[in-house]
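Notes for the one structure printed next.
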Amino acid sequence: TNGDYCALCSHVGGGFSFYRDHRFNGVLKRGLQQAHDDLSGRFVYIKDEETGEVWTANVHPLGRFDTFEARHGIGYTLIKSSYKEIATDLRYFVGPGIDAELWSVNLRNCSAKARRLSVYTLAEFSLGNVSLYEGDVNFHGLFNDIHTDERGFIAGHNLWFPEYGWSENSGTWAHRVFLTTTQKPDRIGTDRGAFFGAFRSLVNPKGVEGEYLPE
(Lines give C-alpha, C1' and ligand atoms only; values in the text may rest on other atoms or scores of the structure.)
Protein backbone atom coordinates (compact mmCIF):
# COMPACT_ATOMS: atom_id res chain seq x y z
CA THR A 1 0.00 0.00 0.00
CA ASN A 2 1.01 3.61 -0.51
CA GLY A 3 -1.60 4.93 1.92
CA ASP A 4 -4.42 5.20 -0.64
CA TYR A 5 -4.21 2.21 -2.96
CA CYS A 6 -3.99 -1.10 -1.08
CA ALA A 7 -3.20 -4.44 -2.76
CA LEU A 8 -3.27 -7.70 -0.81
CA CYS A 9 -1.21 -10.37 -2.55
CA SER A 10 -0.55 -13.98 -1.60
CA HIS A 11 2.54 -16.02 -2.43
CA VAL A 12 0.90 -17.12 -5.72
CA GLY A 13 -0.61 -13.78 -6.73
CA GLY A 14 -4.00 -14.26 -5.11
CA GLY A 15 -5.77 -11.47 -3.31
CA PHE A 16 -7.64 -8.27 -4.02
CA SER A 17 -7.20 -4.51 -3.98
CA PHE A 18 -9.09 -1.33 -3.18
CA TYR A 19 -8.73 2.45 -3.13
CA ARG A 20 -8.96 4.01 0.36
CA ASP A 21 -12.15 2.18 1.41
CA HIS A 22 -12.43 -1.58 0.92
CA ARG A 23 -16.23 -1.47 1.18
CA PHE A 24 -17.05 1.02 -1.56
CA ASN A 25 -13.93 1.31 -3.72
CA GLY A 26 -13.04 -2.24 -4.70
CA VAL A 27 -10.64 -2.58 -7.64
CA LEU A 28 -9.51 -6.19 -8.02
CA LYS A 29 -12.12 -8.80 -7.16
CA ARG A 30 -12.04 -10.20 -3.64
CA GLY A 31 -14.06 -13.41 -4.00
CA LEU A 32 -16.30 -15.03 -1.41
CA GLN A 33 -14.07 -18.10 -1.04
CA GLN A 34 -10.78 -16.21 -1.10
CA ALA A 35 -9.48 -17.88 2.06
CA HIS A 36 -10.06 -21.38 0.68
CA ASP A 37 -9.00 -21.49 -2.97
CA ASP A 38 -7.02 -18.23 -3.48
CA LEU A 39 -8.42 -18.03 -7.01
CA SER A 40 -9.26 -14.35 -7.21
CA GLY A 41 -6.12 -12.48 -8.05
CA ARG A 42 -3.43 -11.80 -10.60
CA PHE A 43 -2.62 -14.47 -13.18
CA VAL A 44 0.04 -14.60 -15.89
CA TYR A 45 -0.48 -17.45 -18.36
CA ILE A 46 2.39 -18.56 -20.62
CA LYS A 47 1.87 -20.70 -23.71
CA ASP A 48 4.51 -22.52 -25.73
CA GLU A 49 3.33 -21.89 -29.26
CA GLU A 50 5.18 -24.94 -30.58
CA THR A 51 3.64 -27.50 -28.20
CA GLY A 52 0.48 -25.65 -27.13
CA GLU A 53 1.27 -26.32 -23.47
CA VAL A 54 0.12 -23.66 -20.99
CA TRP A 55 1.38 -22.83 -17.51
CA THR A 56 1.38 -19.79 -15.21
CA ALA A 57 4.24 -17.61 -14.04
CA ASN A 58 2.64 -17.44 -10.60
CA VAL A 59 2.19 -21.27 -10.58
CA HIS A 60 -1.44 -21.04 -9.38
CA PRO A 61 -3.96 -22.35 -10.41
CA LEU A 62 -2.45 -24.78 -12.93
CA GLY A 63 0.29 -26.02 -10.61
CA ARG A 64 2.81 -26.71 -13.40
CA PHE A 65 6.33 -25.84 -12.33
CA ASP A 66 9.80 -27.30 -11.90
CA THR A 67 11.02 -24.71 -9.38
CA PHE A 68 9.13 -22.16 -7.30
CA GLU A 69 10.10 -19.44 -4.85
CA ALA A 70 8.04 -16.57 -3.42
CA ARG A 71 9.09 -13.58 -1.34
CA HIS A 72 7.08 -10.84 0.32
CA GLY A 73 8.73 -7.48 0.96
CA ILE A 74 7.58 -4.01 1.89
CA GLY A 75 5.20 -3.07 -0.89
CA TYR A 76 5.99 -5.99 -3.22
CA THR A 77 5.68 -9.72 -3.87
CA LEU A 78 8.29 -11.52 -5.99
CA ILE A 79 7.57 -14.93 -7.52
CA LYS A 80 10.37 -16.86 -9.21
CA SER A 81 9.43 -20.03 -11.07
CA SER A 82 10.58 -22.21 -13.93
CA TYR A 83 8.97 -24.79 -16.19
CA LYS A 84 10.31 -26.69 -19.19
CA GLU A 85 13.49 -24.54 -19.16
CA ILE A 86 11.64 -21.23 -19.16
CA ALA A 87 12.46 -19.18 -16.05
CA THR A 88 10.15 -16.41 -14.90
CA ASP A 89 10.55 -13.50 -12.50
CA LEU A 90 7.16 -12.00 -11.65
CA ARG A 91 6.91 -8.98 -9.38
CA TYR A 92 3.78 -7.24 -8.12
CA PHE A 93 4.29 -3.94 -6.34
CA VAL A 94 2.68 -0.66 -5.34
CA GLY A 95 4.93 2.34 -5.69
CA PRO A 96 4.84 5.67 -3.88
CA GLY A 97 3.14 8.59 -5.57
CA ILE A 98 0.86 6.58 -7.90
CA ASP A 99 -2.41 4.89 -6.98
CA ALA A 100 -1.79 1.71 -8.94
CA GLU A 101 -0.13 -1.66 -8.78
CA LEU A 102 2.51 -2.66 -11.29
CA TRP A 103 3.28 -6.10 -12.64
CA SER A 104 6.77 -6.82 -13.94
CA VAL A 105 7.23 -10.03 -15.96
CA ASN A 106 10.66 -11.23 -17.09
CA LEU A 107 11.14 -14.47 -19.03
CA ARG A 108 14.45 -16.26 -19.66
CA ASN A 109 15.00 -19.09 -22.11
CA CYS A 110 17.30 -21.54 -20.35
CA SER A 111 17.21 -24.11 -23.15
CA ALA A 112 19.54 -24.43 -26.11
CA LYS A 113 16.85 -23.78 -28.72
CA ALA A 114 14.72 -20.81 -29.72
CA ARG A 115 11.28 -20.70 -28.10
CA ARG A 116 8.11 -18.93 -29.23
CA LEU A 117 5.97 -17.98 -26.26
CA SER A 118 2.73 -16.05 -25.75
CA VAL A 119 1.90 -14.30 -22.48
CA TYR A 120 -1.62 -13.56 -21.22
CA THR A 121 -2.47 -11.58 -18.09
CA LEU A 122 -5.76 -11.91 -16.26
CA ALA A 123 -7.39 -10.00 -13.42
CA GLU A 124 -11.05 -9.60 -12.47
CA PHE A 125 -12.35 -6.22 -11.34
CA SER A 126 -15.10 -5.45 -8.83
CA LEU A 127 -15.33 -1.70 -9.60
CA GLY A 128 -16.87 0.00 -6.60
CA ASN A 129 -19.23 -1.38 -3.96
CA VAL A 130 -17.88 -4.79 -2.98
CA SER A 131 -21.09 -6.00 -1.28
CA LEU A 132 -23.16 -5.30 -4.37
CA TYR A 133 -20.57 -6.95 -6.60
CA GLU A 134 -20.31 -10.12 -4.55
CA GLY A 135 -24.07 -10.29 -4.10
CA ASP A 136 -24.68 -10.59 -7.84
CA VAL A 137 -21.54 -10.56 -9.98
CA ASN A 138 -23.26 -10.96 -13.33
CA PHE A 139 -25.92 -8.31 -12.72
CA HIS A 140 -23.34 -5.88 -11.30
CA GLY A 141 -21.28 -6.30 -14.47
CA LEU A 142 -24.15 -5.05 -16.65
CA PHE A 143 -23.50 -1.54 -15.35
CA ASN A 144 -19.76 -1.41 -16.02
CA ASP A 145 -18.57 1.30 -18.40
CA ILE A 146 -15.41 0.19 -20.23
CA HIS A 147 -13.46 1.94 -22.98
CA THR A 148 -10.58 0.14 -24.69
CA ASP A 149 -7.79 1.20 -27.03
CA GLU A 150 -4.69 -0.50 -28.42
CA ARG A 151 -2.78 -0.11 -25.13
CA GLY A 152 -5.36 -0.90 -22.46
CA PHE A 153 -8.68 0.23 -21.05
CA ILE A 154 -10.40 2.63 -18.66
CA ALA A 155 -13.33 1.29 -16.62
CA GLY A 156 -16.01 2.86 -14.46
CA HIS A 157 -19.31 1.75 -12.99
CA ASN A 158 -22.84 3.12 -13.05
CA LEU A 159 -24.73 2.49 -9.81
CA TRP A 160 -28.24 1.18 -10.34
CA PHE A 161 -29.74 2.06 -6.92
CA PRO A 162 -27.90 4.96 -5.30
CA GLU A 163 -31.04 5.99 -3.40
CA TYR A 164 -30.43 3.27 -0.80
CA GLY A 165 -27.27 4.95 0.42
CA TRP A 166 -24.90 2.28 -0.82
CA SER A 167 -22.83 4.82 -2.67
CA GLU A 168 -22.74 8.29 -4.21
CA ASN A 169 -26.06 9.97 -5.00
CA SER A 170 -24.93 10.81 -8.50
CA GLY A 171 -25.49 7.26 -9.64
CA THR A 172 -21.93 6.93 -10.91
CA TRP A 173 -18.94 5.51 -9.05
CA ALA A 174 -16.61 8.43 -8.35
CA HIS A 175 -13.46 6.68 -9.56
CA ARG A 176 -12.01 5.09 -12.69
CA VAL A 177 -9.73 2.09 -13.09
CA PHE A 178 -7.15 1.87 -15.85
CA LEU A 179 -4.95 -0.88 -17.21
CA THR A 180 -2.07 -0.40 -19.62
CA THR A 181 1.10 -2.15 -20.77
CA THR A 182 4.64 -1.23 -21.76
CA GLN A 183 4.51 -3.67 -24.68
CA LYS A 184 1.63 -3.22 -27.11
CA PRO A 185 -0.59 -6.32 -26.79
CA ASP A 186 -1.90 -8.18 -29.81
CA ARG A 187 -5.41 -8.01 -28.37
CA ILE A 188 -7.23 -6.87 -25.23
CA GLY A 189 -10.30 -8.66 -23.89
CA THR A 190 -12.73 -7.45 -21.23
CA ASP A 191 -15.32 -10.24 -21.42
CA ARG A 192 -14.88 -12.85 -18.68
CA GLY A 193 -17.17 -15.36 -20.34
CA ALA A 194 -15.43 -15.09 -23.69
CA PHE A 195 -12.03 -15.66 -22.12
CA PHE A 196 -13.06 -18.67 -20.02
CA GLY A 197 -15.38 -20.25 -22.57
CA ALA A 198 -18.42 -22.42 -21.85
CA PHE A 199 -17.98 -24.75 -18.87
CA ARG A 200 -14.40 -23.52 -18.38
CA SER A 201 -12.61 -21.71 -15.55
CA LEU A 202 -9.25 -20.26 -14.52
CA VAL A 203 -7.81 -23.77 -14.70
CA ASN A 204 -8.56 -24.27 -18.41
CA PRO A 205 -9.53 -20.97 -20.09
CA LYS A 206 -10.39 -21.30 -23.75
CA GLY A 207 -8.98 -17.86 -24.48
CA VAL A 208 -5.35 -19.03 -24.36
CA GLU A 209 -5.85 -21.91 -26.80
CA GLY A 210 -6.18 -19.92 -30.03
CA GLU A 211 -3.70 -17.64 -31.74
CA TYR A 212 -5.47 -14.56 -30.39
CA LEU A 213 -7.81 -13.73 -27.55
CA PRO A 214 -11.51 -14.01 -28.47
CA GLU A 215 -13.24 -10.81 -29.59
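In the C-alpha coordinates, each chain is lettered A, B, ... as it comes, each chain's residues begin at 1, and ligands are numbered from 1 in order of appearance.
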key: Selection: 7 Å around Ile46 of chain A, only C-alpha atoms, excl. self and same-chain fewer than 3 positions, as a VMD selection string   = chain A and resid 54 to 57 117 to 120
request  = Write out as a PyMOL selection string each polymer residue whose atoms come within 12 Å of Glu211 of chain A, counting only C-alpha atoms; drop sequence neighbours fewer than 4 positions from it.
outcome  = chain A and resi 47-50+52+117-120+186-187+206-207+215
query = What separation in Å, quoted to one decimal, exists between atom CA of Phe153 of chain A and atom CA of Leu179 of chain A?
reply = 5.5 Å
inquiry  = So the first atom is atom CA of Asp4 of chain A and the second is atom CA of Val27 of chain A; what is the distance between them in Å, to one decimal place?
reply    = 12.2 Å
Residues of segment 108-145 of chain A at most 7 Å from segment 67-90 of chain A: nearest atom pair and distance in Å, only C-alpha atoms, as a Markdown table:
```
| residue | atom | partner | partner_atom | distance |
| --- | --- | --- | --- | --- |
| A:Arg108 | CA | A:Ala87 | CA | 5.1 |
| A:Asn109 | CA | A:Ile86 | CA | 5.0 |
| A:Cys110 | CA | A:Glu85 | CA | 5.0 |
| A:Ser111 | CA | A:Glu85 | CA | 5.5 |
```
query = Can you tell me, as a PyMOL selection string, what residues are no more than 9 Å from Gly189 of chain A when counting only C-alpha atoms, ignoring any on the same chain fewer than 6 positions away?
reply = chain A and resi 148+195+213-215
What does the file look like for those residues with N, CA and C atoms, as a PDB file, in the first residue's frame?
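Just written: result33.pdb:
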```pdb
ATOM      1  N   THR A 148     -11.866   0.751 -24.374  1.00  0.00           N
ATOM      2  CA  THR A 148     -10.580   0.137 -24.695  1.00  0.00           C
ATOM      3  C   THR A 148      -9.889   0.878 -25.828  1.00  0.00           C
ATOM      4  N   PHE A 195     -13.364 -15.161 -22.417  1.00  0.00           N
ATOM      5  CA  PHE A 195     -12.026 -15.662 -22.115  1.00  0.00           C
ATOM      6  C   PHE A 195     -12.080 -17.078 -21.548  1.00  0.00           C
ATOM      7  N   LEU A 213      -6.694 -13.757 -28.469  1.00  0.00           N
ATOM      8  CA  LEU A 213      -7.810 -13.726 -27.550  1.00  0.00           C
ATOM      9  C   LEU A 213      -9.112 -13.614 -28.320  1.00  0.00           C
ATOM     10  N   PRO A 214     -10.217 -14.156 -27.789  1.00  0.00           N
ATOM     11  CA  PRO A 214     -11.512 -14.013 -28.470  1.00  0.00           C
ATOM     12  C   PRO A 214     -11.935 -12.543 -28.478  1.00  0.00           C
ATOM     13  N   GLU A 215     -12.723 -12.182 -29.482  1.00  0.00           N
ATOM     14  CA  GLU A 215     -13.241 -10.809 -29.589  1.00  0.00           C
ATOM     15  C   GLU A 215     -14.155 -10.498 -28.409  1.00  0.00           C
TER      16      GLU A 215
END
```
query = Which residues, written as a VMD selection string, have at least one atom at most 12 Å from segment 138-147 of chain A, with only C-alpha atoms counted and residues fewer than 2 positions away on the same chain left out?
reply = chain A and resid 29 124 to 136 149 to 161 171 to 173 175 to 179 188 to 193
key: Nearest to Ser104 of chain A, chosen from A:Phe18, A:Tyr212, A:Phe43, A:Tyr92, with only C-alpha atoms counted in the distances   =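 Among the listed residues, A:Tyr92 lies closest to Ser104 of chain A.
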